[in-house]
Protein chains: 2
Amino acid sequence: MSTDAVVTTAAYEACPVTGVLRIIGDKWSPAVLRLLAERGHGFNELDRSIEGISRRMLTRTLRSLEESGYVLRTPYGPAPARVEYTLTARGRSLREQLRALGQWASVHDTGP
Amino acid sequence: MSTDAVVTTAAYEACPVTGVLRIIGDKWSPAVLRLLAERGHGFNELDRSIEGISRRMLTRTLRSLEESGYVLRTPYGPAPARVEYTLTARGRSLREQLRALGQWASVHDTGP
DNA sequence: CCGAATCCAGGCGGATACTG
DNA sequence: CAGTATCCGCCTGGATTCGG
């Protein structure tokens, strides 16, 4: 059965790196991962540390990273509503890869 | 002089990886780089190899990679209009980084 | 064979204001 | 402090058509 079936998403899905890039290839994920790699951060703390980001995009970025299992969100403190964002094991692992890529970029230039 | 000047694009630009990702973080660049890493390809050859891509996006992707110095475009043959796309030294160098990231991705899953 | 031109939908990302 | 809600411009990316 099937000589030509299941052509579908052959060469495209065959590139594993695409999946990750669709998540961390956006505008702010690298900066967030970078900061969280140092230590846990609160929301506004991240907001203030990342120059130019909006609270909206910070939320979206954090949600995306959380859903992908890179970031852990832990609310604490019933009163003034505090949340801490930290990297998961996968997040730290990914961060290492990004650091290597960043290393490469700073050496080989990032284009014109 | 200046205690608070030059706040500008601090933490954002401080992340070198962002620059590269803005180029290869799109939908098709990884697949193109992957194929060109094997050998030189013609335009339609790439078009046929990458399932789902449109000629338009292939053109844009190649132009982008060319402008960034990752891909070399060399036309040859006056008659039937042939072009060969190959990786530059920087391109091959970048491809190595991507391969490493792809390795990581295929091990650590790419998320749901 | 290798594109460029046009059209168009959808998503990313910014600005602003409001909530608990 | 930690978000949500709304609006809106822009760019990515797909489909189709035309040209060298």
# chains A, B, ... in the order shown; residues from 1 in each chain; ligands from 1
>>> closest_atom_pairs(of="chain C", to="chain B", cutoff="10 Å", atoms="only C-alpha atoms (C1' of nucleotides)", output="tab-separated table")
residue	atom	partner	partner_atom	distance
C:DC1	C1'	B:Ala81	CA	5.8
C:DC2	C1'	B:Ala81	CA	6.5
C:DG3	C1'	B:Thr59	CA	7.7
C:DA4	C1'	B:Arg56	CA	9.0
>>> write_last_selection(atoms="N, CA and C atoms (P, O5', C5', C4', C3', O3' and C1' of nucleotides)", output="short mmCIF file (atom, residue, chain, number, x, y, z; two decimals), in the first residue's frame")
data_model
loop_
_atom_site.label_atom_id
_atom_site.label_comp_id
_atom_site.auth_asym_id
_atom_site.auth_seq_id
_atom_site.Cartn_x
_atom_site.Cartn_y
_atom_site.Cartn_z
P DC C 1 13.02 23.62 -15.00
"O5'" DC C 1 14.03 24.25 -16.07
"C5'" DC C 1 15.43 24.44 -15.81
"C4'" DC C 1 15.72 25.91 -15.66
"C3'" DC C 1 15.47 26.42 -14.24
"O3'" DC C 1 16.66 26.98 -13.71
"C1'" DC C 1 14.45 27.88 -15.84
P DC C 2 16.72 27.42 -12.16
"O5'" DC C 2 16.26 28.95 -12.21
"C5'" DC C 2 17.10 29.89 -12.87
"C4'" DC C 2 16.50 31.27 -12.78
"C3'" DC C 2 16.15 31.72 -11.34
"O3'" DC C 2 16.65 33.01 -11.09
"C1'" DC C 2 14.33 32.05 -12.78
P DG C 3 16.81 33.54 -9.59
"O5'" DG C 3 15.31 33.58 -9.09
"C5'" DG C 3 14.78 34.79 -8.70
"C4'" DG C 3 14.01 35.41 -9.86
"C3'" DG C 3 13.08 36.52 -9.45
"O3'" DG C 3 13.78 37.74 -9.45
"C1'" DG C 3 12.21 35.14 -11.21
P DA C 4 13.37 38.84 -8.40
"O5'" DA C 4 12.30 39.77 -9.15
"C5'" DA C 4 12.50 40.21 -10.48
"C4'" DA C 4 11.21 40.85 -10.99
"C3'" DA C 4 10.53 41.76 -9.96
"O3'" DA C 4 10.00 42.90 -10.62
"C1'" DA C 4 9.09 39.98 -10.55
#
>>> calpha_fit_rmsd(fixed="chain B", moving="chain A")
0.4 Å
>>> residues_around(residues="DG14 in chain D", least_positions_apart="2", cutoff="10 Å", atoms="only C-alpha atoms (C1' of nucleotides)", output="number ranges by chain")
B: 52-54, 56-57; C: 8-9; D: 12, 16
>>> write_last_selection(atoms="N, CA and C atoms (P, O5', C5', C4', C3', O3' and C1' of nucleotides)", output="short mmCIF file (atom, residue, chain, number, x, y, z; two decimals), in the first residue's frame")
data_model
loop_
_atom_site.label_atom_id
_atom_site.label_comp_id
_atom_site.auth_asym_id
_atom_site.auth_seq_id
_atom_site.Cartn_x
_atom_site.Cartn_y
_atom_site.Cartn_z
N GLY B 52 6.02 22.76 0.21
CA GLY B 52 5.13 23.76 0.77
C GLY B 52 5.54 25.19 0.55
N ILE B 53 6.78 25.40 0.13
CA ILE B 53 7.24 26.77 -0.07
C ILE B 53 6.72 27.30 -1.41
N SER B 54 6.52 28.59 -1.47
CA SER B 54 6.12 29.23 -2.73
C SER B 54 7.35 29.87 -3.37
N ARG B 56 7.65 32.75 -4.48
CA ARG B 56 7.80 34.08 -3.90
C ARG B 56 8.63 34.05 -2.62
N MET B 57 8.26 33.19 -1.69
CA MET B 57 8.96 33.14 -0.41
C MET B 57 10.37 32.60 -0.57
P DC C 8 -7.33 42.50 -3.55
"O5'" DC C 8 -7.16 41.46 -2.37
"C5'" DC C 8 -7.10 40.06 -2.62
"C4'" DC C 8 -6.61 39.33 -1.37
"C3'" DC C 8 -7.14 39.94 -0.07
"O3'" DC C 8 -7.76 38.95 0.72
"C1'" DC C 8 -4.80 39.62 0.04
P DA C 9 -8.72 39.38 1.91
"O5'" DA C 9 -8.30 38.36 3.06
"C5'" DA C 9 -8.22 36.97 2.77
"C4'" DA C 9 -7.24 36.31 3.74
"C3'" DA C 9 -7.58 36.53 5.21
"O3'" DA C 9 -7.49 35.28 5.88
"C1'" DA C 9 -5.36 37.26 4.75
P DT D 12 9.00 41.21 7.15
"O5'" DT D 12 8.26 39.79 7.24
"C5'" DT D 12 7.97 39.23 8.53
"C4'" DT D 12 6.94 38.13 8.37
"C3'" DT D 12 7.31 37.04 7.37
"O3'" DT D 12 7.10 35.78 7.96
"C1'" DT D 12 5.17 37.88 6.87
P DT D 16 -4.12 29.47 -6.27
"O5'" DT D 16 -3.82 30.65 -7.30
"C5'" DT D 16 -4.49 31.91 -7.15
"C4'" DT D 16 -3.92 32.93 -8.11
"C3'" DT D 16 -3.59 32.39 -9.51
"O3'" DT D 16 -4.39 33.05 -10.47
"C1'" DT D 16 -1.85 33.78 -8.69
#
>>> atom_distance(atom1="CA of Gly19 in chain A", atom2="CA of Ala31 in chain B")
11.5 Å
>>> atom_distance(atom1="CA of Ser68 in chain B", atom2="C1' of DG19 in chain D")
27.7 Å
>>> closest_residue(among="D:DG9, D:DC1, D:DG20, D:DA15", to="chain A", atoms="only C-alpha atoms (C1' of nucleotides)")
D:DC1
>>> atom_distance(atom1="CA of His108 in chain B", atom2="CA of Val32 in chain A")
19.9 Å
>>> residues_around(residues="Ser64 in chain B", least_positions_apart="6", cutoff="10 Å", atoms="only C-alpha atoms (C1' of nucleotides)", output="ChimeraX atom specification")
/B:23-24,29,58,70-71
>>> select_by_dssp(residues="chain B", states="strand (DSSP E)", output="PyMOL selection string")
chain B and resi 71-76+82-87
>>> interface_residues(of="chain D", to="chain A", cutoff="12 Å", atoms="only C-alpha atoms (C1' of nucleotides)", output="PyMOL selection string")
chain D and resi 1-6
>>> write_last_selection(atoms="N, CA, C and O atoms (P, O5', C5', C4', C3', O3' and C1' of nucleotides)", output="PDB file, in the first residue's frame")
ATOM      1  P    DC D   1       6.130  47.378  41.101  1.00  0.00           P
ATOM      2  O5'  DC D   1       5.039  46.555  41.968  1.00  0.00           O
ATOM      3  C5'  DC D   1       5.438  45.447  42.753  1.00  0.00           C
ATOM      4  C4'  DC D   1       4.479  44.318  42.491  1.00  0.00           C
ATOM      5  C3'  DC D   1       4.648  43.688  41.107  1.00  0.00           C
ATOM      6  O3'  DC D   1       4.720  42.274  41.250  1.00  0.00           O
ATOM      7  C1'  DC D   1       2.390  44.399  41.416  1.00  0.00           C
ATOM      8  P    DA D   2       5.197  41.346  40.014  1.00  0.00           P
ATOM      9  O5'  DA D   2       3.871  41.018  39.179  1.00  0.00           O
ATOM     10  C5'  DA D   2       2.866  40.238  39.791  1.00  0.00           C
ATOM     11  C4'  DA D   2       1.657  40.163  38.901  1.00  0.00           C
ATOM     12  C3'  DA D   2       1.965  39.804  37.435  1.00  0.00           C
ATOM     13  O3'  DA D   2       1.069  38.798  36.989  1.00  0.00           O
ATOM     14  C1'  DA D   2       0.642  41.715  37.527  1.00  0.00           C
ATOM     15  P    DG D   3       1.496  37.917  35.707  1.00  0.00           P
ATOM     16  O5'  DG D   3       1.490  38.999  34.523  1.00  0.00           O
ATOM     17  C5'  DG D   3       0.514  38.849  33.537  1.00  0.00           C
ATOM     18  C4'  DG D   3      -0.776  39.526  33.952  1.00  0.00           C
ATOM     19  C3'  DG D   3      -1.777  39.653  32.820  1.00  0.00           C
ATOM     20  O3'  DG D   3      -2.576  38.513  32.742  1.00  0.00           O
ATOM     21  C1'  DG D   3      -1.747  41.573  34.271  1.00  0.00           C
ATOM     22  P    DT D   4      -3.221  38.145  31.361  1.00  0.00           P
ATOM     23  O5'  DT D   4      -4.472  39.131  31.183  1.00  0.00           O
ATOM     24  C5'  DT D   4      -5.513  39.155  32.151  1.00  0.00           C
ATOM     25  C4'  DT D   4      -6.578  40.161  31.698  1.00  0.00           C
ATOM     26  C3'  DT D   4      -7.048  39.966  30.257  1.00  0.00           C
ATOM     27  O3'  DT D   4      -8.460  40.082  30.226  1.00  0.00           O
ATOM     28  C1'  DT D   4      -6.247  42.164  30.544  1.00  0.00           C
ATOM     29  P    DA D   5      -9.240  39.857  28.842  1.00  0.00           P
ATOM     30  O5'  DA D   5      -9.377  41.325  28.239  1.00  0.00           O
ATOM     31  C5'  DA D   5      -9.839  42.414  29.051  1.00  0.00           C
ATOM     32  C4'  DA D   5     -10.231  43.585  28.162  1.00  0.00           C
ATOM     33  C3'  DA D   5     -10.599  43.196  26.728  1.00  0.00           C
ATOM     34  O3'  DA D   5     -11.662  44.025  26.272  1.00  0.00           O
ATOM     35  C1'  DA D   5      -8.713  44.627  26.698  1.00  0.00           C
ATOM     36  P    DT D   6     -12.367  43.713  24.868  1.00  0.00           P
ATOM     37  O5'  DT D   6     -11.808  44.891  23.949  1.00  0.00           O
ATOM     38  C5'  DT D   6     -11.805  46.226  24.459  1.00  0.00           C
ATOM     39  C4'  DT D   6     -11.075  47.153  23.509  1.00  0.00           C
ATOM     40  C3'  DT D   6     -11.242  46.849  22.019  1.00  0.00           C
ATOM     41  O3'  DT D   6     -11.703  48.005  21.351  1.00  0.00           O
ATOM     42  C1'  DT D   6      -8.976  47.210  22.546  1.00  0.00           C
TER      43       DT D   6
END
>>> select_by_dssp(residues="chain A", states="helix (DSSP H, G or I)", output="ChimeraX atom specification")
/A:10-13,17-24,29-38,43-49,55-67,89-108
>>> write_last_selection(atoms="C-alpha atoms", output="short mmCIF file (atom, residue, chain, number, x, y, z; two decimals), in the first residue's frame")
data_model
loop_
_atom_site.label_atom_id
_atom_site.label_comp_id
_atom_site.auth_asym_id
_atom_site.auth_seq_id
_atom_site.Cartn_x
_atom_site.Cartn_y
_atom_site.Cartn_z
CA ALA A 10 8.38 16.15 4.10
CA ALA A 11 11.43 18.35 3.74
CA TYR A 12 9.99 21.12 5.86
CA GLU A 13 9.30 19.17 9.01
CA VAL A 17 15.37 23.50 14.19
CA THR A 18 12.26 25.08 12.68
CA GLY A 19 10.12 24.05 15.61
CA VAL A 20 12.30 25.79 18.17
CA LEU A 21 12.76 28.89 16.07
CA ARG A 22 9.02 29.30 15.70
CA ILE A 23 8.98 29.77 19.47
CA ILE A 24 12.16 31.61 20.36
CA SER A 29 12.10 35.63 23.81
CA PRO A 30 15.90 35.77 23.70
CA ALA A 31 16.02 38.78 26.01
CA VAL A 32 13.61 37.15 28.45
CA LEU A 33 15.49 33.86 28.49
CA ARG A 34 18.72 35.76 28.96
CA LEU A 35 17.47 37.57 32.06
CA LEU A 36 15.80 34.52 33.55
CA ALA A 37 19.03 32.60 33.11
CA GLU A 38 20.64 34.89 35.67
CA PHE A 43 6.83 40.68 35.90
CA ASN A 44 7.51 44.38 36.28
CA GLU A 45 11.11 43.59 36.97
CA LEU A 46 11.38 42.04 33.53
CA ASP A 47 9.38 44.90 32.09
CA ARG A 48 11.86 47.42 33.44
CA SER A 49 14.92 45.40 32.50
CA ARG A 55 3.61 44.76 29.08
CA ARG A 56 1.40 43.19 26.46
CA MET A 57 4.28 41.59 24.56
CA LEU A 58 5.99 40.58 27.78
CA THR A 59 2.85 38.72 28.78
CA ARG A 60 2.54 37.04 25.40
CA THR A 61 6.21 36.09 25.37
CA LEU A 62 6.09 34.64 28.86
CA ARG A 63 2.91 32.70 28.09
CA SER A 64 4.46 31.29 24.95
CA LEU A 65 7.62 30.22 26.73
CA GLU A 66 5.56 28.78 29.55
CA GLU A 67 3.38 26.71 27.22
CA ALA A 89 15.39 22.53 33.17
CA ARG A 90 14.54 22.62 29.48
CA GLY A 91 14.71 26.39 29.60
CA ARG A 92 18.19 26.37 31.05
CA SER A 93 19.18 23.79 28.51
CA LEU A 94 17.85 25.90 25.67
CA ARG A 95 19.48 28.98 27.08
CA GLU A 96 22.85 27.28 26.78
CA GLN A 97 22.25 26.72 23.09
CA LEU A 98 21.23 30.32 22.66
CA ARG A 99 24.28 31.49 24.48
CA ALA A 100 26.43 29.52 22.07
CA LEU A 101 24.60 31.03 19.13
CA GLY A 102 25.02 34.47 20.67
CA GLN A 103 28.70 33.82 21.02
CA TRP A 104 28.90 32.93 17.37
CA ALA A 105 26.92 36.01 16.40
CA SER A 106 29.12 38.41 18.32
CA VAL A 107 32.14 36.98 16.56
CA HIS A 108 30.84 36.62 13.03
#
